[in-house]
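Peer 1: So here's final11.pdb (PDB, C-alpha atoms, pLDDT in the B column).
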ATOM      1  CA  MET A   1      13.642 -14.199  18.083  1.00 47.00           C
ATOM      2  CA  ILE A   2      11.021 -12.065  16.358  1.00 51.00           C
ATOM      3  CA  ASN A   3       7.599 -13.209  17.456  1.00 57.00           C
ATOM      4  CA  ARG A   4       4.510 -13.929  15.389  1.00 67.00           C
ATOM      5  CA  LYS A   5       3.209 -10.387  15.715  1.00 69.00           C
ATOM      6  CA  GLU A   6       6.513  -8.925  14.531  1.00 72.00           C
ATOM      7  CA  THR A   7       6.717 -11.405  11.648  1.00 81.00           C
ATOM      8  CA  GLU A   8       3.240 -10.393  10.545  1.00 81.00           C
ATOM      9  CA  GLY A   9       4.318  -6.769  10.818  1.00 81.00           C
ATOM     10  CA  LEU A  10       7.272  -7.471   8.525  1.00 86.00           C
ATOM     11  CA  ARG A  11       4.992  -9.309   6.096  1.00 88.00           C
ATOM     12  CA  ASN A  12       2.512  -6.420   6.076  1.00 85.00           C
ATOM     13  CA  LYS A  13       5.344  -3.987   5.425  1.00 84.00           C
ATOM     14  CA  ILE A  14       6.447  -6.027   2.413  1.00 87.00           C
ATOM     15  CA  ILE A  15       2.882  -6.213   1.088  1.00 83.00           C
ATOM     16  CA  GLU A  16       2.598  -2.443   1.514  1.00 82.00           C
ATOM     17  CA  PHE A  17       5.865  -1.879  -0.350  1.00 77.00           C
ATOM     18  CA  ASN A  18       4.677  -4.265  -3.060  1.00 71.00           C
ATOM     19  CA  SER A  19       1.584  -2.158  -3.647  1.00 67.00           C
ATOM     20  CA  GLU A  20       3.838   0.811  -4.384  1.00 68.00           C
ATOM     21  CA  GLY A  21       6.149  -1.058  -6.779  1.00 67.00           C
ATOM     22  CA  PRO A  22       7.545  -4.513  -7.563  1.00 71.00           C
ATOM     23  CA  LEU A  23       8.850  -6.276  -4.446  1.00 83.00           C
ATOM     24  CA  CYS A  24       9.023  -9.944  -5.342  1.00 89.00           C
ATOM     25  CA  SER A  25      12.575 -11.014  -4.456  1.00 93.00           C
ATOM     26  CA  ILE A  26      13.521 -10.362  -0.834  1.00 95.00           C
ATOM     27  CA  MET A  27      16.932 -11.120   0.632  1.00 95.00           C
ATOM     28  CA  ILE A  28      17.465 -11.611   4.349  1.00 95.00           C
ATOM     29  CA  THR A  29      21.056 -11.028   5.440  1.00 94.00           C
ATOM     30  CA  GLY A  30      23.053 -10.037   8.497  1.00 90.00           C
ATOM     31  CA  SER A  31      26.484  -8.875   9.567  1.00 90.00           C
ATOM     32  CA  ILE A  32      27.913 -11.962  11.266  1.00 84.00           C
ATOM     33  CA  PRO A  33      26.833 -15.597  11.843  1.00 82.00           C
ATOM     34  CA  GLY A  34      24.332 -16.372  14.571  1.00 83.00           C
ATOM     35  CA  GLU A  35      22.045 -13.361  14.251  1.00 85.00           C
ATOM     36  CA  GLY A  36      19.048 -15.489  13.298  1.00 85.00           C
ATOM     37  CA  CYS A  37      18.717 -14.676   9.588  1.00 90.00           C
ATOM     38  CA  THR A  38      17.575 -18.196   8.733  1.00 91.00           C
ATOM     39  CA  THR A  39      14.856 -18.104  11.378  1.00 90.00           C
ATOM     40  CA  VAL A  40      13.661 -14.741  10.102  1.00 92.00           C
ATOM     41  CA  SER A  41      13.694 -16.050   6.516  1.00 94.00           C
ATOM     42  CA  VAL A  42      11.621 -19.137   7.344  1.00 93.00           C
ATOM     43  CA  ASN A  43       9.137 -17.232   9.500  1.00 92.00           C
ATOM     44  CA  LEU A  44       8.708 -14.559   6.832  1.00 94.00           C
ATOM     45  CA  ALA A  45       8.258 -17.079   4.011  1.00 95.00           C
ATOM     46  CA  VAL A  46       5.665 -19.059   5.990  1.00 93.00           C
ATOM     47  CA  SER A  47       3.847 -15.851   6.920  1.00 93.00           C
ATOM     48  CA  LEU A  48       3.739 -14.604   3.319  1.00 93.00           C
ATOM     49  CA  ALA A  49       2.530 -18.019   2.152  1.00 94.00           C
ATOM     50  CA  SER A  50      -0.349 -17.935   4.633  1.00 90.00           C
ATOM     51  CA  SER A  51      -2.215 -15.513   2.379  1.00 84.00           C
ATOM     52  CA  GLU A  52      -4.674 -17.007  -0.099  1.00 82.00           C
ATOM     53  CA  ASP A  53      -3.684 -17.339  -3.751  1.00 86.00           C
ATOM     54  CA  VAL A  54      -0.027 -16.534  -3.051  1.00 92.00           C
ATOM     55  CA  ASN A  55       2.888 -18.729  -4.123  1.00 95.00           C
ATOM     56  CA  VAL A  56       6.118 -18.286  -2.181  1.00 96.00           C
ATOM     57  CA  LEU A  57       9.576 -19.732  -2.813  1.00 97.00           C
ATOM     58  CA  LEU A  58      12.198 -19.901  -0.061  1.00 97.00           C
ATOM     59  CA  ILE A  59      15.794 -20.209  -1.306  1.00 95.00           C
ATOM     60  CA  ASP A  60      18.762 -21.348   0.769  1.00 93.00           C
ATOM     61  CA  ALA A  61      21.651 -19.205  -0.508  1.00 90.00           C
ATOM     62  CA  ASN A  62      23.573 -19.291   2.754  1.00 86.00           C
ATOM     63  CA  SER A  63      27.057 -20.495   1.895  1.00 77.00           C
ATOM     64  CA  GLN A  64      28.201 -20.140   5.517  1.00 73.00           C
ATOM     65  CA  ASN A  65      25.596 -22.338   7.165  1.00 75.00           C
ATOM     66  CA  SER A  66      23.501 -24.217   4.663  1.00 73.00           C
ATOM     67  CA  ASP A  67      21.118 -26.383   6.663  1.00 77.00           C
ATOM     68  CA  LEU A  68      17.602 -25.358   5.698  1.00 87.00           C
ATOM     69  CA  ASN A  69      17.227 -28.670   3.897  1.00 87.00           C
ATOM     70  CA  SER A  70      17.361 -30.389   7.296  1.00 85.00           C
ATOM     71  CA  PHE A  71      14.515 -28.208   8.553  1.00 88.00           C
ATOM     72  CA  PHE A  72      12.351 -29.243   5.599  1.00 89.00           C
ATOM     73  CA  ASN A  73      13.734 -32.798   5.597  1.00 88.00           C
ATOM     74  CA  VAL A  74      14.790 -32.746   1.938  1.00 86.00           C
ATOM     75  CA  SER A  75      17.974 -33.641   0.080  1.00 84.00           C
ATOM     76  CA  ASN A  76      20.661 -31.016  -0.485  1.00 85.00           C
ATOM     77  CA  GLN A  77      22.415 -32.893  -3.283  1.00 84.00           C
ATOM     78  CA  ASP A  78      21.163 -30.498  -5.963  1.00 86.00           C
ATOM     79  CA  GLY A  79      20.128 -26.886  -5.522  1.00 88.00           C
ATOM     80  CA  LEU A  80      20.742 -23.259  -6.381  1.00 87.00           C
ATOM     81  CA  TRP A  81      24.449 -23.707  -7.082  1.00 82.00           C
ATOM     82  CA  GLU A  82      23.824 -26.561  -9.512  1.00 83.00           C
ATOM     83  CA  ILE A  83      21.274 -24.393 -11.368  1.00 83.00           C
ATOM     84  CA  LEU A  84      23.796 -21.572 -11.672  1.00 79.00           C
ATOM     85  CA  SER A  85      26.470 -23.925 -12.957  1.00 75.00           C
ATOM     86  CA  ASN A  86      24.075 -25.397 -15.549  1.00 72.00           C
ATOM     87  CA  GLN A  87      24.041 -28.842 -13.975  1.00 72.00           C
ATOM     88  CA  VAL A  88      20.281 -29.088 -13.402  1.00 78.00           C
ATOM     89  CA  ASP A  89      16.999 -27.359 -14.246  1.00 81.00           C
ATOM     90  CA  SER A  90      15.215 -25.466 -11.459  1.00 82.00           C
ATOM     91  CA  SER A  91      11.859 -27.124 -12.140  1.00 81.00           C
ATOM     92  CA  LYS A  92      13.347 -30.505 -11.226  1.00 85.00           C
ATOM     93  CA  ILE A  93      14.649 -29.608  -7.766  1.00 89.00           C
ATOM     94  CA  ILE A  94      12.257 -27.022  -6.319  1.00 93.00           C
ATOM     95  CA  GLN A  95      10.233 -28.922  -3.747  1.00 91.00           C
ATOM     96  CA  LYS A  96       6.868 -28.420  -2.105  1.00 93.00           C
ATOM     97  CA  THR A  97       6.871 -28.128   1.678  1.00 94.00           C
ATOM     98  CA  THR A  98       4.270 -29.110   4.249  1.00 93.00           C
ATOM     99  CA  TYR A  99       3.342 -25.433   4.541  1.00 94.00           C
ATOM    100  CA  PRO A 100       0.568 -24.356   2.157  1.00 93.00           C
ATOM    101  CA  ASN A 101       1.722 -22.264  -0.834  1.00 96.00           C
ATOM    102  CA  LEU A 102       5.404 -22.574   0.143  1.00 96.00           C
ATOM    103  CA  SER A 103       8.094 -24.207  -1.998  1.00 96.00           C
ATOM    104  CA  PHE A 104      11.770 -24.619  -1.200  1.00 96.00           C
ATOM    105  CA  LEU A 105      14.988 -24.517  -3.224  1.00 94.00           C
ATOM    106  CA  PRO A 106      17.993 -25.936  -1.326  1.00 92.00           C
ATOM    107  CA  SER A 107      21.480 -24.529  -1.738  1.00 89.00           C
ATOM    108  CA  GLY A 108      23.066 -27.628  -3.248  1.00 86.00           C
ATOM    109  CA  ASN A 109      26.550 -29.091  -3.069  1.00 78.00           C
ATOM    110  CA  GLU A 110      28.868 -27.079  -0.826  1.00 67.00           C
ATOM    111  CA  ASP A 111      31.808 -27.688  -3.195  1.00 68.00           C
ATOM    112  CA  THR A 112      30.245 -25.099  -5.519  1.00 57.00           C
ATOM    113  CA  PHE A 113      29.872 -22.409  -2.840  1.00 50.00           C
ATOM    114  CA  ASN A 114      33.179 -20.665  -3.424  1.00 51.00           C
ATOM    115  CA  ASN A 115      33.214 -20.966  -7.183  1.00 56.00           C
ATOM    116  CA  LYS A 116      33.669 -17.305  -8.086  1.00 57.00           C
ATOM    117  CA  ALA A 117      33.033 -17.965 -11.742  1.00 57.00           C
ATOM    118  CA  VAL A 118      29.558 -19.252 -10.865  1.00 58.00           C
ATOM    119  CA  LEU A 119      28.851 -16.247  -8.654  1.00 60.00           C
ATOM    120  CA  GLU A 120      29.937 -13.776 -11.310  1.00 59.00           C
ATOM    121  CA  HIS A 121      28.041 -15.511 -14.088  1.00 55.00           C
ATOM    122  CA  GLY A 122      25.180 -13.559 -15.638  1.00 64.00           C
ATOM    123  CA  LYS A 123      22.864 -16.484 -15.020  1.00 69.00           C
ATOM    124  CA  TYR A 124      22.505 -15.282 -11.439  1.00 74.00           C
ATOM    125  CA  LYS A 125      20.296 -12.467 -12.687  1.00 79.00           C
ATOM    126  CA  ASN A 126      18.512 -14.673 -15.194  1.00 81.00           C
ATOM    127  CA  ILE A 127      17.511 -17.331 -12.680  1.00 84.00           C
ATOM    128  CA  PHE A 128      15.999 -14.812 -10.276  1.00 84.00           C
ATOM    129  CA  THR A 129      14.118 -13.156 -13.117  1.00 85.00           C
ATOM    130  CA  GLU A 130      12.738 -16.562 -14.071  1.00 87.00           C
ATOM    131  CA  LEU A 131      11.769 -17.466 -10.502  1.00 88.00           C
ATOM    132  CA  GLY A 132      10.198 -14.053  -9.996  1.00 86.00           C
ATOM    133  CA  SER A 133       7.876 -14.749 -12.923  1.00 89.00           C
ATOM    134  CA  ARG A 134       6.736 -18.029 -11.339  1.00 92.00           C
ATOM    135  CA  TYR A 135       6.243 -16.928  -7.736  1.00 94.00           C
ATOM    136  CA  ASP A 136       4.599 -13.990  -6.011  1.00 93.00           C
ATOM    137  CA  TYR A 137       7.423 -13.801  -3.490  1.00 94.00           C
ATOM    138  CA  VAL A 138      10.949 -15.214  -3.457  1.00 96.00           C
ATOM    139  CA  VAL A 139      12.586 -15.093  -0.016  1.00 96.00           C
ATOM    140  CA  VAL A 140      16.356 -15.617  -0.038  1.00 95.00           C
ATOM    141  CA  ASP A 141      18.232 -16.679   3.096  1.00 95.00           C
ATOM    142  CA  SER A 142      21.787 -15.449   2.462  1.00 92.00           C
ATOM    143  CA  SER A 143      25.190 -15.390   4.134  1.00 89.00           C
ATOM    144  CA  PRO A 144      26.268 -12.500   6.396  1.00 89.00           C
ATOM    145  CA  MET A 145      27.484  -9.504   4.401  1.00 89.00           C
ATOM    146  CA  ASN A 146      30.735  -9.287   6.352  1.00 82.00           C
ATOM    147  CA  MET A 147      31.682 -12.930   5.802  1.00 80.00           C
ATOM    148  CA  THR A 148      31.413 -13.963   2.134  1.00 75.00           C
ATOM    149  CA  SER A 149      31.225 -12.517  -1.372  1.00 76.00           C
ATOM    150  CA  CYS A 150      28.114 -14.527  -2.249  1.00 80.00           C
ATOM    151  CA  SER A 151      25.723 -12.006  -0.695  1.00 87.00           C
ATOM    152  CA  HIS A 152      27.516  -9.162  -2.491  1.00 86.00           C
ATOM    153  CA  PHE A 153      26.559 -10.678  -5.840  1.00 85.00           C
ATOM    154  CA  LEU A 154      23.008 -11.443  -4.716  1.00 88.00           C
ATOM    155  CA  ALA A 155      22.039  -8.175  -3.015  1.00 92.00           C
ATOM    156  CA  PRO A 156      21.842  -5.876  -6.076  1.00 92.00           C
ATOM    157  CA  LEU A 157      19.674  -8.428  -7.890  1.00 90.00           C
ATOM    158  CA  MET A 158      17.003  -8.378  -5.201  1.00 93.00           C
ATOM    159  CA  ASP A 159      13.967  -6.088  -5.192  1.00 92.00           C
ATOM    160  CA  GLY A 160      14.609  -5.506  -1.501  1.00 93.00           C
ATOM    161  CA  VAL A 161      17.027  -6.440   1.292  1.00 95.00           C
ATOM    162  CA  PHE A 162      16.415  -6.640   5.039  1.00 94.00           C
ATOM    163  CA  LEU A 163      19.396  -6.501   7.395  1.00 92.00           C
ATOM    164  CA  VAL A 164      19.048  -8.582  10.567  1.00 89.00           C
ATOM    165  CA  VAL A 165      20.777  -7.443  13.762  1.00 86.00           C
ATOM    166  CA  GLN A 166      20.694  -9.352  17.030  1.00 82.00           C
ATOM    167  CA  ALA A 167      19.805  -7.457  20.170  1.00 77.00           C
ATOM    168  CA  GLY A 168      22.654  -7.533  22.663  1.00 71.00           C
ATOM    169  CA  LYS A 169      25.099  -9.134  20.225  1.00 73.00           C
ATOM    170  CA  THR A 170      25.500  -7.199  16.987  1.00 77.00           C
ATOM    171  CA  ARG A 171      27.770  -4.220  17.544  1.00 84.00           C
ATOM    172  CA  ARG A 172      26.762  -0.980  15.891  1.00 86.00           C
ATOM    173  CA  GLN A 173      30.074  -0.754  14.011  1.00 88.00           C
ATOM    174  CA  VAL A 174      29.644  -4.283  12.640  1.00 85.00           C
ATOM    175  CA  ALA A 175      26.086  -3.593  11.483  1.00 87.00           C
ATOM    176  CA  ALA A 176      27.216  -0.302   9.938  1.00 90.00           C
ATOM    177  CA  SER A 177      29.916  -2.182   8.021  1.00 90.00           C
ATOM    178  CA  ALA A 178      27.313  -4.607   6.631  1.00 89.00           C
ATOM    179  CA  LYS A 179      25.082  -1.717   5.615  1.00 93.00           C
ATOM    180  CA  LYS A 180      28.004  -0.019   3.851  1.00 93.00           C
ATOM    181  CA  ARG A 181      28.695  -3.200   1.894  1.00 93.00           C
ATOM    182  CA  LEU A 182      25.051  -3.229   0.810  1.00 95.00           C
ATOM    183  CA  ASP A 183      25.256   0.429  -0.159  1.00 95.00           C
ATOM    184  CA  ASP A 184      28.450  -0.244  -2.116  1.00 94.00           C
ATOM    185  CA  VAL A 185      26.605  -2.664  -4.408  1.00 93.00           C
ATOM    186  CA  SER A 186      23.547  -0.384  -4.649  1.00 94.00           C
ATOM    187  CA  ALA A 187      21.271  -2.816  -2.818  1.00 95.00           C
ATOM    188  CA  ASN A 188      17.737  -1.636  -2.059  1.00 94.00           C
ATOM    189  CA  ILE A 189      17.738  -1.752   1.753  1.00 93.00           C
ATOM    190  CA  MET A 190      14.131  -1.944   2.947  1.00 91.00           C
ATOM    191  CA  GLY A 191      14.842  -1.913   6.672  1.00 89.00           C
ATOM    192  CA  VAL A 192      16.502  -3.446   9.716  1.00 88.00           C
ATOM    193  CA  VAL A 193      15.065  -6.422  11.618  1.00 86.00           C
ATOM    194  CA  LEU A 194      15.884  -6.459  15.341  1.00 82.00           C
ATOM    195  CA  ASN A 195      16.066 -10.128  16.303  1.00 75.00           C
ATOM    196  CA  LYS A 196      16.129 -11.945  19.665  1.00 64.00           C
ATOM    197  CA  ARG A 197      15.293  -8.895  21.714  1.00 61.00           C
ATOM    198  CA  LYS A 198      14.275  -9.531  25.319  1.00 54.00           C
ATOM    199  CA  TYR A 199      12.956  -6.075  26.036  1.00 48.00           C
ATOM    200  CA  GLU A 200      11.878  -2.989  24.150  1.00 49.00           C
ATOM    201  CA  ILE A 201      14.731  -1.085  22.527  1.00 46.00           C
ATOM    202  CA  PRO A 202      14.078   2.433  21.255  1.00 48.00           C
ATOM    203  CA  ASN A 203      14.199   2.624  17.462  1.00 53.00           C
ATOM    204  CA  PHE A 204      16.529   5.614  17.520  1.00 47.00           C
ATOM    205  CA  ILE A 205      19.395   3.360  18.627  1.00 44.00           C
ATOM    206  CA  TYR A 206      19.501   1.767  15.165  1.00 47.00           C
ATOM    207  CA  ASN A 207      18.401   4.808  13.160  1.00 54.00           C
ATOM    208  CA  HIS A 208      21.973   5.920  12.534  1.00 50.00           C
ATOM    209  CA  LEU A 209      23.281   2.734  10.937  1.00 51.00           C
TER     210      LEU A 209
END
Let me see the structure of the file written as structure tokens.
Peer 2:
Amino acid sequence: MINRKETEGLRNKIIEFNSEGPLCSIMITGSIPGEGCTTVSVNLAVSLASSEDVNVLLIDANSQNSDLNSFFNVSNQDGLWEILSNQVDSSKIIQKTTYPNLSFLPSGNEDTFNNKAVLEHGKYKNIFTELGSRYDYVVVDSSPMNMTSCSHFLAPLMDGVFLVVQAGKTRRQVAASAKKRLDDVSANIMGVVLNKRKYEIPNFIYNHL
């Protein structure tokens, strides 16, 4: 997985981008399951929250493998999907974590995951605009681009998207397909995160995605 130094490097890159223009909402996605997007999301959110006077919200929007609530030991009964379907107000279910300056919004009931009407609803944009006004950074752990439509609706709403690829596992063609899907929805791709590397891999290998 990406180590502490690399996580801090990613955080510093985001802070640098933010100084050049708004970069509040950040989506972490991949190509296929198992690339470590959730780990990257948590590490990044914790790292961003380590700065003084910064409020960070981590959102579980992973409809393929929604288990961040277990990591934070909170209920997943209500969450993002219930907000989008007008069942609950966000202020009532966003929870503080044991990490300073870091709050967490679980995904919610899995029965709502594949509700296309909810995904297409204009409230998707409204809720992220609202959350962006309340937090300095909103980190979104999302499903792989090649697996579900959920990330396709989310990506263009984000200020920036990072694509995670796993060293030794993610094939170039698969990563290129995920990048094309992001391009197709006009997502703002900020970069590629090389995860779980065991040795140094030249950057030029992934420059042609």
Peer 1: Quick one: distance from CA of Ile59 (chain A) to CA of Ser107 (chain A) in Å, one decimal?
Peer 2: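 According to the coordinates, CA of Ile59 (chain A) and CA of Ser107 (chain A) are separated by 7.2 Å.
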Peer 1: Write out as a tab-separated table (two decimals) with C-alpha atoms, in the coordinates of the input which residues come within 7 Å of Leu194 (chain A) when counting all atoms listed in the file, dropping same-chain ones fewer than 4 positions away.
Peer 2:
chain	number	residue	atom	x	y	z
A	164	VAL	CA	19.05	-8.58	10.57
A	165	VAL	CA	20.78	-7.44	13.76
A	166	GLN	CA	20.69	-9.35	17.03
A	167	ALA	CA	19.80	-7.46	20.17
Peer 1: Which one of A:Phe72, A:Phe128, A:Tyr137, A:Trp81 sits closest to Ser47 (chain A) if you count all atoms listed in the file?
Peer 2: A:Tyr137
Peer 1: Taking the file above as input, evaluate the PyMOL selection byres ((chain A and resi 132-136) around 7) and report the hits as a list in words.
Peer 2: Cys24, Ser25, Val54, Asn55, Val56, Leu57, Phe128, Thr129, Glu130, Leu131, Tyr137 and Val138 of chain A
Peer 1: Write out as a list in words each polymer residue whose atoms come within 9 Å of His152 (chain A), counting only C-alpha atoms; drop sequence neighbours fewer than 5 positions from it.
Peer 2: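 Counting only the stated atoms, we get Met145, Arg181, Leu182, Asp184, Val185 and Ala187 of chain A.
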Peer 1: Check the smallest atom-to-atom distance from each of A:Met190, A:Ile14, A:Met147, A:Val161 to Gly34 (chain A) using all atoms listed in the file, then report the winner.
Peer 2: A:Met147
Peer 1: When distances are computed from only C-alpha atoms, which of A:Leu157, A:Ile189, A:Val139, A:Leu102 shows the smallest separation from Asp53 (chain A)?
Peer 2: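 Among the listed residues, A:Leu102 lies closest to Asp53 (chain A).
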Peer 1: Counting all atoms listed in the file, figure out which residue out of A:Cys150, A:Gly30, A:Ala178, A:Ser103 gets nearest to Val42 (chain A).
Peer 2: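 Among A:Cys150, A:Gly30, A:Ala178, A:Ser103, it is A:Ser103 that comes nearest to Val42 (chain A).
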Peer 1: For Ser66 (chain A), please output as number ranges by chain all residues within 12 Å (counting only C-alpha atoms; exclusion window: fewer than 6 positions along the same chain).
Peer 2: A: 33, 37-38, 59-60, 75-77, 79-81, 105-111, 113, 141-143
Peer 1: Please produce a file of the residues just selected, as a PDB file, keeping the file's coordinate frame, where the atoms kept are C-alpha atoms.
Peer 2:
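Saved as out-v1.pdb:
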ATOM      1  CA  PRO A  33      26.833 -15.597  11.843  1.00 82.00           C
ATOM      2  CA  CYS A  37      18.717 -14.676   9.588  1.00 90.00           C
ATOM      3  CA  THR A  38      17.575 -18.196   8.733  1.00 91.00           C
ATOM      4  CA  ILE A  59      15.794 -20.209  -1.306  1.00 95.00           C
ATOM      5  CA  ASP A  60      18.762 -21.348   0.769  1.00 93.00           C
ATOM      6  CA  SER A  75      17.974 -33.641   0.080  1.00 84.00           C
ATOM      7  CA  ASN A  76      20.661 -31.016  -0.485  1.00 85.00           C
ATOM      8  CA  GLN A  77      22.415 -32.893  -3.283  1.00 84.00           C
ATOM      9  CA  GLY A  79      20.128 -26.886  -5.522  1.00 88.00           C
ATOM     10  CA  LEU A  80      20.742 -23.259  -6.381  1.00 87.00           C
ATOM     11  CA  TRP A  81      24.449 -23.707  -7.082  1.00 82.00           C
ATOM     12  CA  LEU A 105      14.988 -24.517  -3.224  1.00 94.00           C
ATOM     13  CA  PRO A 106      17.993 -25.936  -1.326  1.00 92.00           C
ATOM     14  CA  SER A 107      21.480 -24.529  -1.738  1.00 89.00           C
ATOM     15  CA  GLY A 108      23.066 -27.628  -3.248  1.00 86.00           C
ATOM     16  CA  ASN A 109      26.550 -29.091  -3.069  1.00 78.00           C
ATOM     17  CA  GLU A 110      28.868 -27.079  -0.826  1.00 67.00           C
ATOM     18  CA  ASP A 111      31.808 -27.688  -3.195  1.00 68.00           C
ATOM     19  CA  PHE A 113      29.872 -22.409  -2.840  1.00 50.00           C
ATOM     20  CA  ASP A 141      18.232 -16.679   3.096  1.00 95.00           C
ATOM     21  CA  SER A 142      21.787 -15.449   2.462  1.00 92.00           C
ATOM     22  CA  SER A 143      25.190 -15.390   4.134  1.00 89.00           C
TER      23      SER A 143
END
Peer 1: Report, in Å to a single decimal, how far apart CA of Phe17 (chain A) and CA of Gly168 (chain A) are.
Peer 2: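 It comes out at 29.0 Å.
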Peer 1: Between A:Gly160, A:Ile127, A:Glu16, A:Ile32, which has the minimum distance to Gln64 (chain A) (counting only C-alpha atoms)?
Peer 2: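 Selected residue with least distance to Gln64 (chain A): A:Ile32.
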Peer 1: Mind pulling up the distance from CA of Ile28 (chain A) to CA of Ser151 (chain A)?
Peer 2: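 About the pair CA of Ser151 (chain A) and CA of Ile28 (chain A): they are 9.7 Å apart.
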Peer 1: Would you list the contacts of Met158 (chain A) as number ranges by chain, taking every protein, DNA or RNA residue within 7 Å and counting all atoms listed in the file, but skipping same-chain residues closer than 4 positions in sequence?
Peer 2: A: 25-27, 154
Peer 1: Calculate, to one decimal in Å, the centre and edge lengths of the box along x, y and z of the file that holds all listed atoms of region 23-34 of chain A with 4 Å of margin on each side, and present them as lines of an AutoDock Vina configuration file.
Peer 2:
center_x = 18.4
center_y = -11.3
center_z = 4.6
size_x = 27.1
size_y = 18.1
size_z = 27.9
Peer 1: Return region 48-65 of chain A, completed with N, CA and C atoms, as a short mmCIF file (atom, residue, chain, number, x, y, z; two decimals), keeping the file's coordinate frame.
Peer 2:
data_model
loop_
_atom_site.label_atom_id
_atom_site.label_comp_id
_atom_site.auth_asym_id
_atom_site.auth_seq_id
_atom_site.Cartn_x
_atom_site.Cartn_y
_atom_site.Cartn_z
N LEU A 48 4.19 -15.07 4.63
CA LEU A 48 3.74 -14.60 3.32
C LEU A 48 2.87 -15.66 2.63
N ALA A 49 3.25 -16.93 2.80
CA ALA A 49 2.53 -18.02 2.15
C ALA A 49 1.17 -18.28 2.79
N SER A 50 0.92 -17.71 3.95
CA SER A 50 -0.35 -17.93 4.63
C SER A 50 -1.50 -17.19 3.96
N SER A 51 -1.18 -16.24 3.10
CA SER A 51 -2.22 -15.51 2.38
C SER A 51 -2.78 -16.40 1.26
N GLU A 52 -4.05 -16.21 0.95
CA GLU A 52 -4.67 -17.01 -0.10
C GLU A 52 -4.14 -16.60 -1.48
N ASP A 53 -4.07 -17.57 -2.35
CA ASP A 53 -3.68 -17.34 -3.75
C ASP A 53 -2.31 -16.69 -3.89
N VAL A 54 -1.39 -17.05 -3.00
CA VAL A 54 -0.03 -16.53 -3.05
C VAL A 54 0.94 -17.71 -3.09
N ASN A 55 1.86 -17.70 -4.04
CA ASN A 55 2.89 -18.73 -4.12
C ASN A 55 4.23 -18.14 -3.70
N VAL A 56 4.87 -18.79 -2.75
CA VAL A 56 6.12 -18.29 -2.18
C VAL A 56 7.22 -19.33 -2.35
N LEU A 57 8.41 -18.86 -2.71
CA LEU A 57 9.58 -19.73 -2.81
C LEU A 57 10.63 -19.26 -1.81
N LEU A 58 11.10 -20.17 -0.99
CA LEU A 58 12.20 -19.90 -0.06
C LEU A 58 13.46 -20.53 -0.62
N ILE A 59 14.53 -19.72 -0.75
CA ILE A 59 15.79 -20.21 -1.31
C ILE A 59 16.88 -20.18 -0.24
N ASP A 60 17.60 -21.28 -0.12
CA ASP A 60 18.76 -21.35 0.77
C ASP A 60 19.99 -20.94 -0.04
N ALA A 61 20.44 -19.69 0.16
CA ALA A 61 21.65 -19.20 -0.51
C ALA A 61 22.71 -18.85 0.52
N ASN A 62 22.65 -19.56 1.65
CA ASN A 62 23.57 -19.29 2.75
C ASN A 62 24.79 -20.20 2.64
N SER A 63 25.86 -19.68 2.10
CA SER A 63 27.06 -20.50 1.90
C SER A 63 27.85 -20.70 3.18
N GLN A 64 27.51 -19.99 4.23
CA GLN A 64 28.20 -20.14 5.52
C GLN A 64 27.59 -21.25 6.37
N ASN A 65 26.27 -21.36 6.30
CA ASN A 65 25.60 -22.34 7.16
C ASN A 65 24.36 -22.85 6.45
#
